[in-house]
Amino acid sequence: MVNLDEITPTNFIEEEIIKDLKNGVNTEVITRCPPEPSGYWHIGHCKAWIINFETAKKFGGYTNLRMDDTNPTKEDGDFANSYVDDLRWLGYEPKNVIYASEQYFDIMYKMAEQLILDGKAYVCELSADEINATRGTLTTIGTPSPYRDRPVDESLRLFREMKEGKYPDGKMTLRAKIDMSNPNICMRDPVIYRIMHVNHYKTGDKWCIYPMYDFAHPIEDALEGVTYSLCDINFENNRPLYNWFIDNVWKRYPRPRQIEFAKLNLENVLLGKRYLKALVNEGKVLGWDDPRFYTIVGMRRRGITAQAIKNFVMNNGITKAESIIPLSALEYYIREDLNKITTRAMVVLDPLKVVITNYDAEPMEIEIDNNPNDENAGKHKARFGKIIYIEKDDFAITPPPKYNRLTLGGVVRLKDAFIIKCTDVIYKENGEIDYITAEYIPSSRSGNDTSGIKAKGTIHFVEESNAFPITIREFDNLTKPEYLEPNKALADGVPIDEILAENTLHESTALAEKFLQNAKPEDKFQFMRKGFYTLDKDSTENNYIFNKTISLKDTFNKK
RNA sequence: AGGGGUGUAGCCAAGCGGUAAGGCACUAGACUUUGACUCUAGCAUGCGUAGGUUCAAAUCCUGCCACCCCUGCCA
């Protein structure tokens, strides 16, 4: 345990925990990460896992990863396997990795039998439609099932026969006997076991009855010694039921405590398994890890760091108020982290050839700071020479106001090299610029400039012998900007093709410093004055593909 | 006889009876061999709304309004 006096709560959940701990209601903070292995995690899941892991860590406790695999029709072992890696990438190590199906189904079954014995559960032979029809509505109470008061031993016999496979799917269910007139519909005799003759990815055909979430989840928490079950606000209505099962099945105190928080919504971000799946299947994206997806694997491939995601989630605050956060809020943390950790490189995305007419020697070596904000980052070597390339938009014949770059007859500093002066523009037959010529100022070498010449701007460049072509992939938002809540629009019936923006993946070639040939997939760089990029896994020895994570802020072009 | 939640700036969010923190975004400006980073300044006479209590209310009380969730043998 930690010293409570040294902990400053940063959100209402921590405040509640501190109260419990000080009152002796609980003595430790054990949380859980309970995914249903049925899909790829996205940024919304990240928030839930981050809260559970960070809260436990703050109080000296731990977190379990538990596959909440109680519905074999939806689940798949491949997902379960990927979650440990995803968690590790996020920087979290679960204390235990648990498959509810494998470890808890036996005990949960026994507990269900005991519930029947206690007169608090019964086998109901109403069909699904009949159950729905008798559940009542939001404003009217439900009517009891005709099987509600059947003898205990009859329910017990039937339940055992259900387990033995004597009945087909849907024939009967086990229901908790709670209160058909409760204003909270969750409490109107919820189904807790249903018959499913389906092969489970973990338990195979051992079971043909499976517990429902509402029954399983509180018991799983209790069995594991979880003290705080931190989940999203969707489950608020289920909390009385959660407590009911603790009270009537577990019967021990203190109860694990469920506390809910608002889930994360990002403006203009498409989530939702079925929509993403459709895009994957139709080949409209690169895969589940498409960098335009805000899945964990997608963000990772895009070059977004786990640290940025964590900072974003924690700094945005944890409350119960619903919110939709603009992407710019996430982007801030992406840039902040990448700025700290990336090596700088000079890459010319849209090259313009420059011939230095007064330099005829072999290319000379220059040195580039790997990260000017980090003294320990070191330097790497690059070159200056007769033939160099600069960005097309770093040269203008008729410059816009306050233009700091190269103009005909003007000067500009080449980063970590020399000041050059543009002397001429050579055109092609079709009227386009072929190349430009310039003279370098020998006495203006970076770090040893005695020229006395002031250049207003500094631009990046690559020297011909030190450059190699790379492929650049840039990504636009998958959905049109007017759809701030794409999932809501989809739910409202707007067709997905209407929501999707066109041409959101752009491939181009660029000229990069040769040291980038040492890059490994997921290595991250800042292409100076341009943005942050990461090497894509599709890269080969002959084709280096860099994904653009995000651009640098640009206060010039904005104006 | 509906219940459970949430409303503080464009977006998040502190605040817990003593006179509206902070961040993002935005706007100026400084610095800069990245128009990045960093720095400085600006940005709610008002806290969904109407009353009430109080010397004092975003905070307490009452009414009203808006939005979200709940009628799966999903989680």
# chains A, B, ... in the order shown; residues from 1 in each chain; ligands from 1
call {"tool": "residues_around", "arguments": {"residues": "A25 (chain B)", "least_positions_apart": "4", "cutoff": "12 Å", "atoms": "only C-alpha atoms (C1' of nucleotides)", "output": "MDAnalysis selection string"}}
result
(chainID A and resid 325:332) or (chainID B and resid 9:12 43)
call {"tool": "write_last_selection", "arguments": {"atoms": "N, CA and C atoms (P, O5', C5', C4', C3', O3' and C1' of nucleotides)", "output": "PDB file, in the first residue's frame"}}
result
ATOM      1  N   ILE A 325     -14.287  15.188 -28.182  1.00  0.00           N
ATOM      2  CA  ILE A 325     -13.039  15.940 -28.168  1.00  0.00           C
ATOM      3  C   ILE A 325     -12.511  16.099 -29.585  1.00  0.00           C
ATOM      4  N   PRO A 326     -12.133  17.320 -29.937  1.00  0.00           N
ATOM      5  CA  PRO A 326     -11.593  17.520 -31.290  1.00  0.00           C
ATOM      6  C   PRO A 326     -10.246  16.817 -31.448  1.00  0.00           C
ATOM      7  N   LEU A 327      -9.986  16.385 -32.660  1.00  0.00           N
ATOM      8  CA  LEU A 327      -8.748  15.689 -32.961  1.00  0.00           C
ATOM      9  C   LEU A 327      -7.531  16.539 -32.607  1.00  0.00           C
ATOM     10  N   SER A 328      -7.672  17.842 -32.690  1.00  0.00           N
ATOM     11  CA  SER A 328      -6.522  18.711 -32.403  1.00  0.00           C
ATOM     12  C   SER A 328      -6.010  18.503 -30.982  1.00  0.00           C
ATOM     13  N   ALA A 329      -6.895  18.077 -30.095  1.00  0.00           N
ATOM     14  CA  ALA A 329      -6.470  17.851 -28.716  1.00  0.00           C
ATOM     15  C   ALA A 329      -5.543  16.643 -28.637  1.00  0.00           C
ATOM     16  N   LEU A 330      -5.857  15.605 -29.405  1.00  0.00           N
ATOM     17  CA  LEU A 330      -4.980  14.429 -29.463  1.00  0.00           C
ATOM     18  C   LEU A 330      -3.684  14.799 -30.165  1.00  0.00           C
ATOM     19  N   GLU A 331      -3.821  15.540 -31.249  1.00  0.00           N
ATOM     20  CA  GLU A 331      -2.660  15.864 -32.080  1.00  0.00           C
ATOM     21  C   GLU A 331      -1.601  16.643 -31.295  1.00  0.00           C
ATOM     22  N   TYR A 332      -2.063  17.453 -30.375  1.00  0.00           N
ATOM     23  CA  TYR A 332      -1.125  18.191 -29.547  1.00  0.00           C
ATOM     24  C   TYR A 332      -0.180  17.234 -28.818  1.00  0.00           C
TER      25      TYR A 332
ATOM     26  P     A B   9     -18.868  26.441 -20.885  1.00  0.00           P
ATOM     27  O5'   A B   9     -18.094  27.696 -21.489  1.00  0.00           O
ATOM     28  C5'   A B   9     -18.822  28.786 -22.075  1.00  0.00           C
ATOM     29  C4'   A B   9     -17.872  29.649 -22.879  1.00  0.00           C
ATOM     30  C3'   A B   9     -17.258  28.936 -24.079  1.00  0.00           C
ATOM     31  O3'   A B   9     -17.119  29.861 -25.159  1.00  0.00           O
ATOM     32  C1'   A B   9     -15.547  29.668 -22.622  1.00  0.00           C
ATOM     33  P     G B  10     -18.221  29.878 -26.280  1.00  0.00           P
ATOM     34  O5'   G B  10     -17.683  28.765 -27.277  1.00  0.00           O
ATOM     35  C5'   G B  10     -18.413  28.484 -28.483  1.00  0.00           C
ATOM     36  C4'   G B  10     -17.635  27.461 -29.256  1.00  0.00           C
ATOM     37  C3'   G B  10     -17.217  26.242 -28.437  1.00  0.00           C
ATOM     38  O3'   G B  10     -18.232  25.262 -28.430  1.00  0.00           O
ATOM     39  C1'   G B  10     -15.328  27.116 -29.555  1.00  0.00           C
ATOM     40  P     C B  11     -18.342  24.247 -27.190  1.00  0.00           P
ATOM     41  O5'   C B  11     -17.013  23.388 -27.322  1.00  0.00           O
ATOM     42  C5'   C B  11     -16.870  22.426 -28.356  1.00  0.00           C
ATOM     43  C4'   C B  11     -15.654  21.578 -28.078  1.00  0.00           C
ATOM     44  C3'   C B  11     -15.634  20.972 -26.687  1.00  0.00           C
ATOM     45  O3'   C B  11     -16.409  19.782 -26.642  1.00  0.00           O
ATOM     46  C1'   C B  11     -13.538  21.958 -27.131  1.00  0.00           C
ATOM     47  P     C B  12     -16.899  19.237 -25.239  1.00  0.00           P
ATOM     48  O5'   C B  12     -15.556  18.685 -24.622  1.00  0.00           O
ATOM     49  C5'   C B  12     -15.334  18.746 -23.246  1.00  0.00           C
ATOM     50  C4'   C B  12     -13.938  18.256 -22.966  1.00  0.00           C
ATOM     51  C3'   C B  12     -13.643  18.213 -21.479  1.00  0.00           C
ATOM     52  O3'   C B  12     -14.079  16.984 -20.917  1.00  0.00           O
ATOM     53  C1'   C B  12     -11.964  19.456 -22.537  1.00  0.00           C
ATOM     54  P     C B  43      -8.003  38.928 -20.980  1.00  0.00           P
ATOM     55  O5'   C B  43      -8.798  37.872 -21.870  1.00  0.00           O
ATOM     56  C5'   C B  43      -9.662  38.308 -22.910  1.00  0.00           C
ATOM     57  C4'   C B  43     -10.132  37.118 -23.704  1.00  0.00           C
ATOM     58  C3'   C B  43     -10.707  35.964 -22.875  1.00  0.00           C
ATOM     59  O3'   C B  43     -12.069  36.193 -22.558  1.00  0.00           O
ATOM     60  C1'   C B  43      -9.204  35.112 -24.473  1.00  0.00           C
TER      61        C B  43
END
call {"tool": "select_by_dssp", "arguments": {"residues": "region 426-545 of chain A", "states": "strand (DSSP E or B)", "output": "count of residues only"}}
result
46
call {"tool": "closest_atom_pairs", "arguments": {"of": "chain A", "to": "chain B", "cutoff": "8 Å", "atoms": "only C-alpha atoms (C1' of nucleotides)", "output": "CSV"}}
result
residue,atom,partner,partner_atom,distance
A:Glu36,CA,B:A75,C1',7.1
A:Ala128,CA,B:C73,C1',6.1
A:Asn132,CA,B:U71,C1',7.3
A:Arg135,CA,B:U71,C1',6.7
A:Gly136,CA,B:U71,C1',6.5
A:Thr137,CA,B:U71,C1',4.8
A:Leu138,CA,B:G2,C1',5.5
A:Thr139,CA,B:G2,C1',4.2
A:Thr140,CA,B:A1,C1',6.9
A:Ile141,CA,B:A1,C1',7.8
A:Gly170,CA,B:C73,C1',6.4
A:Thr173,CA,B:C73,C1',6.8
A:Pro183,CA,B:G3,C1',5.0
A:Asn184,CA,B:G3,C1',5.3
A:Ile185,CA,B:U71,C1',6.7
A:Cys186,CA,B:C70,C1',7.6
A:Val191,CA,B:C73,C1',6.7
A:Tyr193,CA,B:C73,C1',7.7
A:Arg194,CA,B:C73,C1',5.3
A:Ile195,CA,B:C73,C1',7.6
A:Tyr213,CA,B:A75,C1',6.3
A:Asn234,CA,B:C69,C1',6.4
A:Glu236,CA,B:G4,C1',7.3
A:Asn237,CA,B:G4,C1',6.0
A:Asn315,CA,B:G23,C1',7.6
A:Asn316,CA,B:C12,C1',5.8
A:Gly317,CA,B:A13,C1',6.6
A:Lys320,CA,B:U6,C1',7.0
A:Ala321,CA,B:U6,C1',5.3
A:Glu322,CA,B:U6,C1',6.9
A:Ser323,CA,B:C12,C1',7.7
A:Ile324,CA,B:C11,C1',7.7
A:Ile325,CA,B:C11,C1',6.1
A:Pro326,CA,B:C11,C1',6.4
A:Ser328,CA,B:C24,C1',7.1
A:Ala329,CA,B:C24,C1',5.1
A:Tyr332,CA,B:C24,C1',7.5
A:Asn339,CA,B:C37,C1',7.6
A:Asn373,CA,B:C37,C1',7.5
A:Asn404,CA,B:G35,C1',8.0
A:Arg413,CA,B:U33,C1',7.0
A:Leu414,CA,B:U33,C1',7.8
A:Lys415,CA,B:U33,C1',5.7
A:Asp416,CA,B:U33,C1',6.4
A:Ser446,CA,B:U33,C1',7.1
A:Thr458,CA,B:U33,C1',6.0
A:Ile459,CA,B:U34,C1',7.8
A:Met528,CA,B:U34,C1',5.4
A:Arg529,CA,B:U34,C1',4.8
A:Leu552,CA,B:A36,C1',6.1
A:Lys553,CA,B:A36,C1',6.6
A:Asp554,CA,B:G35,C1',6.8
A:Thr555,CA,B:G35,C1',6.4
A:Phe556,CA,B:G35,C1',5.4
call {"tool": "write_last_selection", "arguments": {"atoms": "N, CA and C atoms", "output": "compact mmCIF listing (two decimals), in the first residue's frame"}}
result
# COMPACT_ATOMS: atom_id res chain seq x y z
N GLU A 36 -13.93 -8.26 -24.22
CA GLU A 36 -14.51 -9.42 -24.88
C GLU A 36 -13.67 -9.61 -26.13
N ALA A 128 -37.84 -16.16 -26.29
CA ALA A 128 -37.23 -14.82 -26.26
C ALA A 128 -38.29 -13.76 -26.48
N ASN A 132 -39.53 -10.83 -23.84
CA ASN A 132 -39.57 -9.41 -24.20
C ASN A 132 -40.96 -8.82 -23.97
N ARG A 135 -41.70 -8.25 -20.26
CA ARG A 135 -40.74 -7.49 -19.45
C ARG A 135 -41.30 -6.13 -19.03
N GLY A 136 -42.38 -5.72 -19.71
CA GLY A 136 -42.90 -4.39 -19.43
C GLY A 136 -42.17 -3.38 -20.29
N THR A 137 -42.46 -2.11 -20.09
CA THR A 137 -41.82 -1.07 -20.87
C THR A 137 -41.17 -0.07 -19.92
N LEU A 138 -40.70 1.02 -20.51
CA LEU A 138 -40.06 2.04 -19.68
C LEU A 138 -41.02 2.59 -18.63
N THR A 139 -42.31 2.61 -18.97
CA THR A 139 -43.27 3.24 -18.05
C THR A 139 -44.27 2.26 -17.44
N THR A 140 -44.18 0.99 -17.84
CA THR A 140 -45.09 0.03 -17.23
C THR A 140 -44.30 -1.15 -16.67
N ILE A 141 -44.82 -1.74 -15.62
CA ILE A 141 -44.09 -2.83 -14.99
C ILE A 141 -44.24 -4.11 -15.80
N GLY A 170 -32.49 -21.82 -27.08
CA GLY A 170 -33.69 -20.98 -26.97
C GLY A 170 -34.85 -21.64 -26.27
N THR A 173 -34.30 -20.77 -20.34
CA THR A 173 -33.19 -20.00 -19.78
C THR A 173 -33.23 -20.08 -18.27
N PRO A 183 -38.38 -0.30 -11.44
CA PRO A 183 -38.29 0.70 -12.51
C PRO A 183 -37.02 0.55 -13.36
N ASN A 184 -36.02 -0.06 -12.80
CA ASN A 184 -34.81 -0.36 -13.57
C ASN A 184 -35.02 -1.70 -14.28
N ILE A 185 -35.12 -1.64 -15.58
CA ILE A 185 -35.48 -2.83 -16.34
C ILE A 185 -34.45 -3.95 -16.19
N CYS A 186 -33.22 -3.57 -15.90
CA CYS A 186 -32.18 -4.59 -15.66
C CYS A 186 -32.58 -5.58 -14.57
N VAL A 191 -32.16 -12.74 -17.60
CA VAL A 191 -31.64 -14.06 -17.98
C VAL A 191 -30.18 -14.12 -17.54
N TYR A 193 -28.43 -17.46 -17.69
CA TYR A 193 -27.80 -18.53 -18.49
C TYR A 193 -28.67 -18.80 -19.70
N ARG A 194 -28.03 -18.99 -20.84
CA ARG A 194 -28.79 -19.34 -22.03
C ARG A 194 -28.14 -20.56 -22.69
N ILE A 195 -28.95 -21.26 -23.48
CA ILE A 195 -28.44 -22.46 -24.15
C ILE A 195 -27.84 -22.07 -25.50
N TYR A 213 -23.36 -11.69 -19.32
CA TYR A 213 -22.46 -10.70 -18.77
C TYR A 213 -22.85 -10.26 -17.35
N ASN A 234 -22.04 3.37 -19.79
CA ASN A 234 -23.08 2.50 -20.31
C ASN A 234 -23.59 1.52 -19.26
N GLU A 236 -23.88 1.95 -16.09
CA GLU A 236 -24.42 2.55 -14.88
C GLU A 236 -25.75 1.91 -14.48
N ASN A 237 -26.59 1.66 -15.49
CA ASN A 237 -27.89 1.04 -15.22
C ASN A 237 -27.74 -0.38 -14.67
N ASN A 315 -4.65 13.69 -19.40
CA ASN A 315 -4.73 15.14 -19.29
C ASN A 315 -6.09 15.71 -19.66
N ASN A 316 -6.88 14.90 -20.39
CA ASN A 316 -8.20 15.40 -20.73
C ASN A 316 -9.18 15.25 -19.59
N GLY A 317 -8.75 14.53 -18.59
CA GLY A 317 -9.63 14.44 -17.43
C GLY A 317 -10.59 13.27 -17.51
N LYS A 320 -17.82 12.15 -15.61
CA LYS A 320 -19.00 11.43 -16.10
C LYS A 320 -19.72 12.22 -17.17
N ALA A 321 -19.21 13.39 -17.51
CA ALA A 321 -19.87 14.22 -18.51
C ALA A 321 -19.51 13.72 -19.91
N GLU A 322 -20.52 13.60 -20.74
CA GLU A 322 -20.26 13.18 -22.11
C GLU A 322 -19.52 14.27 -22.86
N SER A 323 -18.61 13.86 -23.70
CA SER A 323 -17.86 14.88 -24.42
C SER A 323 -17.42 14.35 -25.77
N ILE A 324 -17.22 15.26 -26.67
CA ILE A 324 -16.64 14.93 -27.97
C ILE A 324 -15.42 15.81 -28.13
N ILE A 325 -14.29 15.19 -28.18
CA ILE A 325 -13.04 15.94 -28.17
C ILE A 325 -12.51 16.10 -29.58
N PRO A 326 -12.13 17.32 -29.94
CA PRO A 326 -11.59 17.52 -31.29
C PRO A 326 -10.25 16.82 -31.45
N SER A 328 -7.67 17.84 -32.69
CA SER A 328 -6.52 18.71 -32.40
C SER A 328 -6.01 18.50 -30.98
N ALA A 329 -6.89 18.08 -30.09
CA ALA A 329 -6.47 17.85 -28.72
C ALA A 329 -5.54 16.64 -28.64
N TYR A 332 -2.06 17.45 -30.37
CA TYR A 332 -1.12 18.19 -29.55
C TYR A 332 -0.18 17.23 -28.82
N ASN A 339 8.14 15.26 -30.78
CA ASN A 339 9.16 16.31 -30.80
C ASN A 339 10.30 15.98 -29.85
N ASN A 373 16.62 19.72 -29.35
CA ASN A 373 16.02 19.87 -28.03
C ASN A 373 16.57 18.85 -27.04
N ASN A 404 10.29 34.18 -46.30
CA ASN A 404 11.66 34.13 -45.76
C ASN A 404 12.60 33.25 -46.57
N ARG A 413 19.63 30.54 -46.02
CA ARG A 413 20.58 29.64 -45.35
C ARG A 413 20.17 28.20 -45.62
N LEU A 414 21.12 27.38 -46.06
CA LEU A 414 20.88 25.95 -46.12
C LEU A 414 21.24 25.38 -44.76
N LYS A 415 20.33 24.67 -44.17
CA LYS A 415 20.49 24.17 -42.81
C LYS A 415 21.84 23.47 -42.62
N ASP A 416 22.61 23.94 -41.65
CA ASP A 416 23.89 23.34 -41.27
C ASP A 416 24.91 23.33 -42.41
N SER A 446 27.99 27.14 -41.60
CA SER A 446 27.31 27.06 -40.31
C SER A 446 28.29 26.79 -39.19
N THR A 458 15.97 29.78 -43.12
CA THR A 458 16.81 28.59 -43.23
C THR A 458 15.95 27.49 -43.81
N ILE A 459 16.45 26.83 -44.83
CA ILE A 459 15.69 25.74 -45.44
C ILE A 459 16.49 24.45 -45.43
N MET A 528 12.56 17.53 -41.11
CA MET A 528 12.65 18.93 -40.69
C MET A 528 11.75 19.86 -41.48
N ARG A 529 11.09 20.69 -40.79
CA ARG A 529 10.18 21.71 -41.31
C ARG A 529 8.93 21.10 -41.96
N LEU A 552 4.13 19.17 -38.90
CA LEU A 552 4.52 20.17 -37.90
C LEU A 552 3.48 21.27 -37.95
N LYS A 553 3.37 22.01 -36.88
CA LYS A 553 2.48 23.18 -36.95
C LYS A 553 3.05 24.15 -37.97
N ASP A 554 2.18 24.82 -38.65
CA ASP A 554 2.64 25.73 -39.71
C ASP A 554 1.89 27.04 -39.58
N THR A 555 2.51 28.00 -38.94
CA THR A 555 1.83 29.28 -38.74
C THR A 555 2.05 30.24 -39.90
N PHE A 556 2.85 29.81 -40.89
CA PHE A 556 3.05 30.68 -42.05
C PHE A 556 1.96 30.45 -43.09
call {"tool": "closest_residue", "arguments": {"among": "A:Asp189, A:Asp538, A:Glu432, A:Asp289", "to": "Ala176 (chain A)", "atoms": "only C-alpha atoms"}}
result
A:Asp189
call {"tool": "closest_residue", "arguments": {"among": "A:Arg32, A:Arg88, A:His506, A:Lys381", "to": "Leu65 (chain A)", "atoms": "only C-alpha atoms"}}
result
A:Arg32
